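Structure below is final.tsv: TSV, C-alpha atoms.
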chain	number	residue	atom	x	y	z
E	9	ILE	CA	6.20	23.81	-2.11
E	10	VAL	CA	3.40	21.69	-0.65
E	11	ARG	CA	1.77	21.12	-4.06
E	12	ASP	CA	5.15	20.25	-5.56
E	13	GLN	CA	5.37	17.29	-3.21
E	14	GLY	CA	2.51	15.72	-5.13
E	15	SER	CA	5.27	14.57	-7.48
E	16	ALA	CA	6.61	12.43	-4.63
E	17	SER	CA	3.88	9.88	-5.32
E	18	HIS	CA	4.11	7.47	-8.24
E	19	PRO	CA	1.06	8.25	-10.43
E	20	LEU	CA	0.22	4.58	-11.04
E	21	GLY	CA	2.07	2.81	-8.24
E	22	ALA	CA	-1.13	1.25	-6.95
E	23	VAL	CA	-1.62	-0.54	-10.30
E	24	ALA	CA	1.80	-2.21	-10.07
E	25	ALA	CA	1.34	-3.01	-6.39
E	26	ALA	CA	-1.83	-5.08	-6.91
E	27	PRO	CA	-0.14	-8.11	-8.57
E	28	LEU	CA	2.50	-8.16	-5.82
E	29	LEU	CA	-0.20	-8.14	-3.14
E	30	GLY	CA	-1.96	-10.91	-5.02
E	31	VAL	CA	1.14	-13.12	-4.97
E	32	ALA	CA	1.47	-12.37	-1.25
E	33	ARG	CA	-2.10	-13.77	-0.95
E	34	VAL	CA	-3.67	-10.87	0.91
E	35	LEU	CA	-7.06	-9.28	0.31
E	36	HIS	CA	-6.92	-6.12	-1.81
E	37	PRO	CA	-8.87	-4.27	-4.52
E	38	THR	CA	-7.24	-4.17	-7.96
E	39	PRO	CA	-7.14	-0.67	-9.44
E	40	VAL	CA	-7.22	-0.11	-13.19
E	41	ALA	CA	-5.85	2.91	-15.03
E	42	ILE	CA	-8.60	4.53	-17.12
E	43	MET	CA	-9.54	7.66	-19.02
E	44	MET	CA	-12.94	8.89	-17.85
E	45	PRO	CA	-15.01	9.54	-20.99
E	46	ASP	CA	-16.11	13.12	-21.56
E	47	ASP	CA	-19.70	11.95	-21.73
E	48	PRO	CA	-23.05	13.67	-21.01
E	49	ALA	CA	-23.90	10.73	-18.74
E	50	LEU	CA	-21.56	12.25	-16.13
E	51	GLY	CA	-24.11	15.02	-15.63
E	52	GLU	CA	-22.97	17.58	-13.05
E	53	PHE	CA	-19.61	15.81	-12.73
E	54	ARG	CA	-18.72	16.10	-16.40
E	55	LYS	CA	-16.93	19.43	-16.09
E	56	GLU	CA	-14.64	18.18	-13.34
E	57	TYR	CA	-14.07	14.56	-14.39
E	58	GLY	CA	-14.71	14.32	-18.14
E	59	GLY	CA	-11.54	13.37	-19.97
E	60	MET	CA	-9.61	12.83	-16.74
E	61	LEU	CA	-6.91	10.15	-16.47
E	62	GLY	CA	-6.97	8.21	-13.23
E	63	MET	CA	-7.61	4.91	-11.51
E	64	ILE	CA	-10.80	3.11	-10.58
E	65	GLU	CA	-11.18	0.14	-8.24
E	66	GLU	CA	-13.81	-1.93	-6.51
E	67	TYR	CA	-15.02	-0.64	-3.13
E	68	PRO	CA	-14.86	-3.50	-0.58
E	69	ASP	CA	-18.39	-3.94	0.73
E	70	THR	CA	-21.19	-6.47	1.29
E	71	PRO	CA	-24.21	-5.15	-0.65
E	72	GLU	CA	-27.66	-6.54	0.12
E	73	LYS	CA	-28.39	-7.78	-3.40
E	74	ALA	CA	-24.93	-8.84	-4.59
E	75	PRO	CA	-22.03	-11.01	-3.38
E	76	GLY	CA	-19.69	-9.39	-0.88
E	77	PHE	CA	-16.14	-8.41	-1.78
E	78	ALA	CA	-14.06	-11.61	-2.14
E	79	GLY	CA	-17.08	-13.56	-0.89
E	80	ALA	CA	-17.05	-11.96	2.56
E	81	GLU	CA	-20.12	-12.25	4.75
E	82	LYS	CA	-19.44	-8.98	6.56
E	83	ILE	CA	-17.03	-6.06	6.10
E	84	ILE	CA	-16.36	-3.30	8.64
E	85	ASP	CA	-14.04	-0.31	9.06
E	86	SER	CA	-11.19	-0.06	11.57
E	87	GLU	CA	-13.21	2.41	13.64
E	88	ASP	CA	-15.73	-0.39	14.20
E	89	LEU	CA	-13.16	-3.17	14.57
E	90	LEU	CA	-11.14	-1.72	17.46
E	91	PRO	CA	-14.13	-1.24	19.81
E	92	LYS	CA	-15.22	-4.81	19.03
E	93	ILE	CA	-11.93	-6.43	19.97
E	94	ASN	CA	-11.57	-4.18	23.01
E	95	ALA	CA	-15.01	-5.14	24.31
E	96	ASP	CA	-15.12	-8.85	23.45
E	97	PRO	CA	-12.13	-11.26	23.78
E	98	ALA	CA	-13.77	-13.60	21.26
E	99	GLU	CA	-13.38	-10.96	18.53
E	100	HIS	CA	-9.96	-11.23	16.91
E	101	VAL	CA	-8.07	-10.47	13.72
E	102	ASP	CA	-5.91	-12.71	11.56
E	103	ALA	CA	-2.66	-11.24	12.86
E	104	ARG	CA	-0.49	-13.31	10.54
E	105	ALA	CA	-2.37	-12.00	7.50
E	106	LEU	CA	-1.99	-8.44	8.81
E	107	LEU	CA	1.74	-8.98	9.33
E	108	THR	CA	2.01	-10.21	5.76
E	109	VAL	CA	0.46	-6.99	4.49
E	110	ARG	CA	2.60	-4.80	6.75
E	111	LEU	CA	5.78	-6.43	5.46
E	112	MET	CA	4.51	-5.82	1.94
E	113	ASP	CA	3.99	-2.18	2.90
E	114	LEU	CA	7.66	-2.09	3.91
E	115	LEU	CA	8.67	-3.58	0.58
E	116	LEU	CA	6.45	-1.17	-1.38
E	117	GLY	CA	7.49	1.88	0.63
E	118	ASP	CA	3.88	2.83	1.41
E	119	ASN	CA	3.97	5.36	4.27
E	120	ASP	CA	0.22	5.97	4.54
E	121	ARG	CA	-1.26	2.91	6.25
E	122	HIS	CA	-3.16	4.47	9.13
E	123	PRO	CA	-6.32	2.69	10.44
E	124	GLY	CA	-8.56	4.50	7.97
E	125	GLN	CA	-6.84	2.74	5.05
E	126	TRP	CA	-8.16	-0.68	6.02
E	127	LYS	CA	-11.35	-2.65	5.91
E	128	TRP	CA	-11.93	-5.97	7.66
E	129	ALA	CA	-13.73	-8.99	6.26
E	130	ARG	CA	-15.31	-11.96	8.01
E	131	PHE	CA	-15.82	-15.22	6.11
E	132	GLY	CA	-17.40	-17.40	8.77
E	133	LYS	CA	-19.51	-17.42	11.89
E	134	GLU	CA	-19.33	-14.57	14.39
E	135	HIS	CA	-16.68	-15.06	17.09
E	136	GLU	CA	-15.31	-18.14	15.31
E	137	ALA	CA	-13.85	-16.57	12.17
E	138	PRO	CA	-11.17	-13.88	12.48
E	139	TRP	CA	-11.39	-10.48	10.83
E	140	GLU	CA	-9.23	-10.53	7.70
E	141	PRO	CA	-7.45	-7.30	6.67
E	142	ILE	CA	-8.35	-5.73	3.33
E	143	SER	CA	-5.53	-3.47	2.21
E	144	ARG	CA	-6.84	-0.52	0.18
E	145	ASP	CA	-6.10	3.10	-0.86
E	146	ARG	CA	-2.60	2.59	-2.24
E	147	ASP	CA	-1.81	6.11	-3.45
E	148	LYS	CA	1.54	6.20	-1.59
E	149	VAL	CA	3.18	3.10	-3.06
E	150	PHE	CA	6.80	3.83	-4.10
E	151	VAL	CA	6.49	7.32	-2.56
E	152	SER	CA	9.75	9.29	-2.54
E	153	TYR	CA	10.11	12.77	-1.03
E	154	GLU	CA	13.09	14.53	-2.63
E	155	GLY	CA	14.78	17.91	-2.59
E	156	PHE	CA	16.90	20.10	-0.35
E	157	LEU	CA	14.02	21.62	1.62
E	158	ILE	CA	12.46	18.20	2.16
E	159	SER	CA	15.76	16.85	3.45
E	160	ILE	CA	15.61	19.54	6.14
E	161	ALA	CA	11.93	18.93	6.86
E	162	ARG	CA	12.70	15.22	7.25
E	163	LEU	CA	14.52	16.01	10.50
E	164	ALA	CA	11.15	16.99	12.00
E	165	VAL	CA	8.92	14.70	9.94
E	166	PRO	CA	10.69	11.31	9.61
E	167	SER	CA	7.84	9.87	7.53
E	168	LEU	CA	9.05	11.90	4.52
E	169	ILE	CA	10.87	8.82	3.26
E	170	THR	CA	12.56	8.06	-0.06
E	171	PHE	CA	12.15	4.94	-2.18
E	172	ARG	CA	15.60	3.43	-2.37
E	173	SER	CA	17.22	0.01	-2.46
E	174	LYS	CA	17.37	-0.04	1.33
E	175	SER	CA	14.07	0.00	3.19
E	176	PRO	CA	13.66	2.92	5.63
E	177	ASP	CA	13.35	2.55	9.38
E	178	PRO	CA	9.89	0.96	9.90
E	179	GLY	CA	9.27	3.41	12.75
E	180	LYS	CA	9.57	6.26	10.24
E	181	LEU	CA	7.67	4.56	7.44
E	182	PHE	CA	4.76	3.62	9.72
E	183	ASP	CA	4.78	6.80	11.77
E	184	ASN	CA	0.99	7.25	11.49
E	185	ALA	CA	0.17	3.64	12.35
E	186	GLY	CA	2.40	2.75	15.31
E	187	GLU	CA	-0.31	2.33	17.94
E	188	PHE	CA	-2.50	0.47	15.46
E	189	ASP	CA	0.28	-2.02	14.69
E	190	ARG	CA	1.19	-2.57	18.33
E	191	ARG	CA	-2.43	-3.24	19.21
E	192	LEU	CA	-3.01	-5.84	16.49
E	193	LEU	CA	0.41	-7.46	16.00
E	194	GLY	CA	1.52	-7.74	19.62
E	195	SER	CA	0.48	-11.39	19.91
E	196	LEU	CA	2.99	-12.63	17.29
E	197	ASP	CA	6.40	-13.91	18.34
E	198	LYS	CA	9.68	-13.60	16.44
E	199	ALA	CA	9.33	-17.03	14.83
E	200	VAL	CA	6.14	-15.91	13.06
E	201	TRP	CA	7.78	-12.72	11.85
E	202	ASP	CA	10.73	-14.70	10.46
E	203	SER	CA	8.41	-17.23	8.83
E	204	VAL	CA	6.24	-14.62	7.11
E	205	ALA	CA	9.27	-12.64	5.91
E	206	THR	CA	10.89	-15.78	4.47
E	207	THR	CA	7.68	-16.79	2.73
E	208	LEU	CA	7.36	-13.37	1.08
E	209	MET	CA	10.98	-13.42	-0.08
E	210	GLN	CA	10.26	-16.75	-1.78
E	211	ARG	CA	7.01	-15.63	-3.39
E	212	ILE	CA	8.14	-12.20	-4.63
E	213	THR	CA	10.54	-13.50	-7.26
E	214	ASP	CA	12.28	-11.44	-9.93
E	215	GLY	CA	9.72	-12.73	-12.43
E	216	VAL	CA	6.83	-11.64	-10.20
E	217	ILE	CA	8.32	-8.15	-9.91
E	218	ASP	CA	8.82	-7.92	-13.68
E	219	ASP	CA	5.23	-9.04	-14.31
E	220	ALA	CA	3.93	-6.41	-11.86
E	221	MET	CA	5.90	-3.65	-13.59
E	222	ALA	CA	4.55	-4.85	-16.94
E	223	THR	CA	1.06	-3.79	-15.81
E	224	LEU	CA	2.14	-0.14	-16.09
E	225	PRO	CA	1.43	1.69	-19.36
E	226	PRO	CA	4.31	1.60	-21.88
E	227	ALA	CA	5.14	5.24	-21.13
E	228	TRP	CA	6.36	4.16	-17.68
E	229	GLY	CA	8.63	1.42	-18.99
E	230	GLY	CA	12.42	1.58	-18.97
E	231	ARG	CA	14.33	4.01	-16.80
E	232	SER	CA	13.44	7.54	-15.71
E	233	ARG	CA	15.78	10.39	-16.53
E	234	ALA	CA	17.16	12.43	-13.68
E	235	ILE	CA	16.14	16.08	-13.48
E	236	GLY	CA	19.23	18.21	-14.07
E	237	SER	CA	22.76	16.92	-14.56
E	238	GLY	CA	25.77	15.84	-12.57
E	239	PRO	CA	26.22	13.22	-9.84
E	240	HIS	CA	23.58	14.76	-7.52
E	241	ALA	CA	20.88	14.49	-10.17
E	242	ARG	CA	21.88	10.96	-11.07
E	243	ARG	CA	21.81	9.98	-7.41
E	244	HIS	CA	18.54	11.70	-6.54
E	245	GLY	CA	16.62	11.63	-9.83
E	246	LEU	CA	13.01	10.48	-9.96
E	247	ARG	CA	12.52	6.71	-9.80
E	248	VAL	CA	9.20	6.07	-11.51
E	249	GLY	CA	10.26	4.03	-14.53
E	250	ALA	CA	9.49	0.30	-14.42
E	251	GLU	CA	13.16	-0.63	-14.68
E	252	ASP	CA	14.11	1.68	-11.81
E	253	VAL	CA	11.33	0.44	-9.52
E	254	SER	CA	12.10	-3.20	-10.33
E	255	ARG	CA	15.73	-2.75	-9.37
E	256	GLU	CA	14.87	-1.11	-6.07
E	257	LEU	CA	12.23	-3.74	-5.24
E	258	ARG	CA	14.65	-6.60	-5.80
E	259	ALA	CA	17.21	-4.99	-3.50
E	260	ARG	CA	14.61	-4.27	-0.79
E	261	ARG	CA	13.28	-7.84	-0.97
E	262	ASP	CA	16.75	-9.32	-0.52
E	263	LEU	CA	17.39	-7.14	2.55
E	264	HIS	CA	14.26	-8.32	4.41

What would you get if you wrote out this structure as structure tokens?
Amino acid sequence: IVRDQGSASHPLGAVAAAPLLGVARVLHPTPVAIMMPDDPALGEFRKEYGGMLGMIEEYPDTPEKAPGFAGAEKIIDSEDLLPKINADPAEHVDARALLTVRLMDLLLGDNDRHPGQWKWARFGKEHEAPWEPISRDRDKVFVSYEGFLISIARLAVPSLITFRSKSPDPGKLFDNAGEFDRRLLGSLDKAVWDSVATTLMQRITDGVIDDAMATLPPAWGGRSRAIGSGPHARRHGLRVGAEDVSRELRARRDLH
């Protein structure tokens, strides 16, 4: 049953999410769908990874002998960020940028945005420049937990959400990041929330959504067929086809 829930995740959702995050103007790696060659160069890893279909993306970092990710001067993890801002009032994050990403998470239905899924970039002098959020590890974009047993489990685990035209309760979607969000977004008033939400609704147009879905391989185009038959299957069938996801995204955007 647990392994079956792997089908709740869209196999290439992170690929389609990247263009949407780009239009939202937030920092993010851009994954690419690839087939790992079955090549002797893989050495000890050839048996496990040779011929495997998957995604590969840049790891946000600031190497010593190469430019940093997105031109950043320094990049840290959340486990390093929180002690910094707790110990020094001059250390701060770009809360508006973080809010932008969190509202995109709501649109994308990504329920796995705990502190470990972020990195933080600085582009200026220490204490003067804020830490900018880098949104990474997008394996739960468009996630949808289906089935009779899961509907029962959802009573105890609200984060087992479904990807539908109406966004889920943010408290359920962000169940593993509540304290993190309160700590870093508490300084923003309602006017900022309204402003960021309105801006995203204007940027994420129908054309932008269509272009994002067009990044998926042709096999994921069109609509997905429901498993089984009858009204229950039509209502609860898998929604992984580009046409299905586009329709749900448009509806979720208009509800924000």

One-decimal distance in Å that lies between atom CA of Gly62 of chain E and atom CA of Pro45 of chain E: 11.3 Å

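Distance check against His18 of chain E using only C-alpha atoms: of E:Ser143, E:Ser86, E:Ser152, E:Gln125, the minimum falls on E:Ser152.
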
Give me the residues within 9 Å of Glu81 of chain E as a list in words, counting all atoms listed in the file and dropping any in the same chain fewer than 2 places off.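 Contacts, in chain order: Thr70, Pro75, Gly76, Phe77, Gly79, Ile83, Ala129, Arg130, Phe131, Gly132 and Lys133 of chain E.
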
Those same residues, written as a CSV table (one decimal), in the coordinates of the input with C-alpha atoms?
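Once written, result_28.csv looks like this:
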chain,number,residue,atom,x,y,z
E,70,THR,CA,-21.2,-6.5,1.3
E,75,PRO,CA,-22.0,-11.0,-3.4
E,76,GLY,CA,-19.7,-9.4,-0.9
E,77,PHE,CA,-16.1,-8.4,-1.8
E,79,GLY,CA,-17.1,-13.6,-0.9
E,83,ILE,CA,-17.0,-6.1,6.1
E,129,ALA,CA,-13.7,-9.0,6.3
E,130,ARG,CA,-15.3,-12.0,8.0
E,131,PHE,CA,-15.8,-15.2,6.1
E,132,GLY,CA,-17.4,-17.4,8.8
E,133,LYS,CA,-19.5,-17.4,11.9

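The coordinates place atom CA of Trp228 of chain E at 5.9 Å from atom CA of Ala250 of chain E.
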
Pull the neighbourhood of (-6.2, -5.7, 5.6) for me: all residues within 7 Å in file coordinates, counting all atoms listed in the file, as a list in words. Leu35, Leu106, Val109, Trp126, Lys127, Trp128, Glu140, Pro141, Ile142 and Ser143 of chain E

So that I can see what lies close to Asp262 of chain E, please list as a ChimeraX atom specification the residues with an atom at most 10 Å from it, counting all atoms listed in the file and leaving out residues fewer than 2 positions away in the same chain. /E:115,173-174,209-210,212,257-260,264

Between atom CA of Leu163 of chain E and atom CA of Phe150 of chain E, measure the distance and give it in Å to one decimal. 20.5 Å

Taking (11.8, 11.8, 3.2) as a centre in this file's frame and 10 Å as the limit, can you find every polymer residue with an atom that close, using all atoms listed in the file, and give them as a list of chain:residue names?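 So the residues meeting the distance criterion are E:Ala16, E:Val151, E:Ser152, E:Tyr153, E:Glu154, E:Gly155, E:Ile158, E:Ser159, E:Ile160, E:Ala161, E:Arg162, E:Leu163, E:Val165, E:Pro166, E:Ser167, E:Leu168, E:Ile169, E:Thr170, E:Phe171, E:Pro176, E:Lys180, E:Leu181.
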
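In terms of minimum interatomic distance to Val40 of chain E, E:Leu224 ranks closest within E:Tyr57, E:Ser195, E:Leu208, E:Leu224, counting only C-alpha atoms.
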
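With all atoms listed in the file as the basis for measurement, E:Thr223 is the residue among E:Thr223, E:Thr213, E:Glu72, E:Leu29 that approaches Ala41 of chain E most closely.
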
Nearest to Pro226 of chain E, chosen from E:Asp177, E:Ala25, E:Gly249, E:Ser17, with all atoms listed in the file counted in the distances: E:Gly249
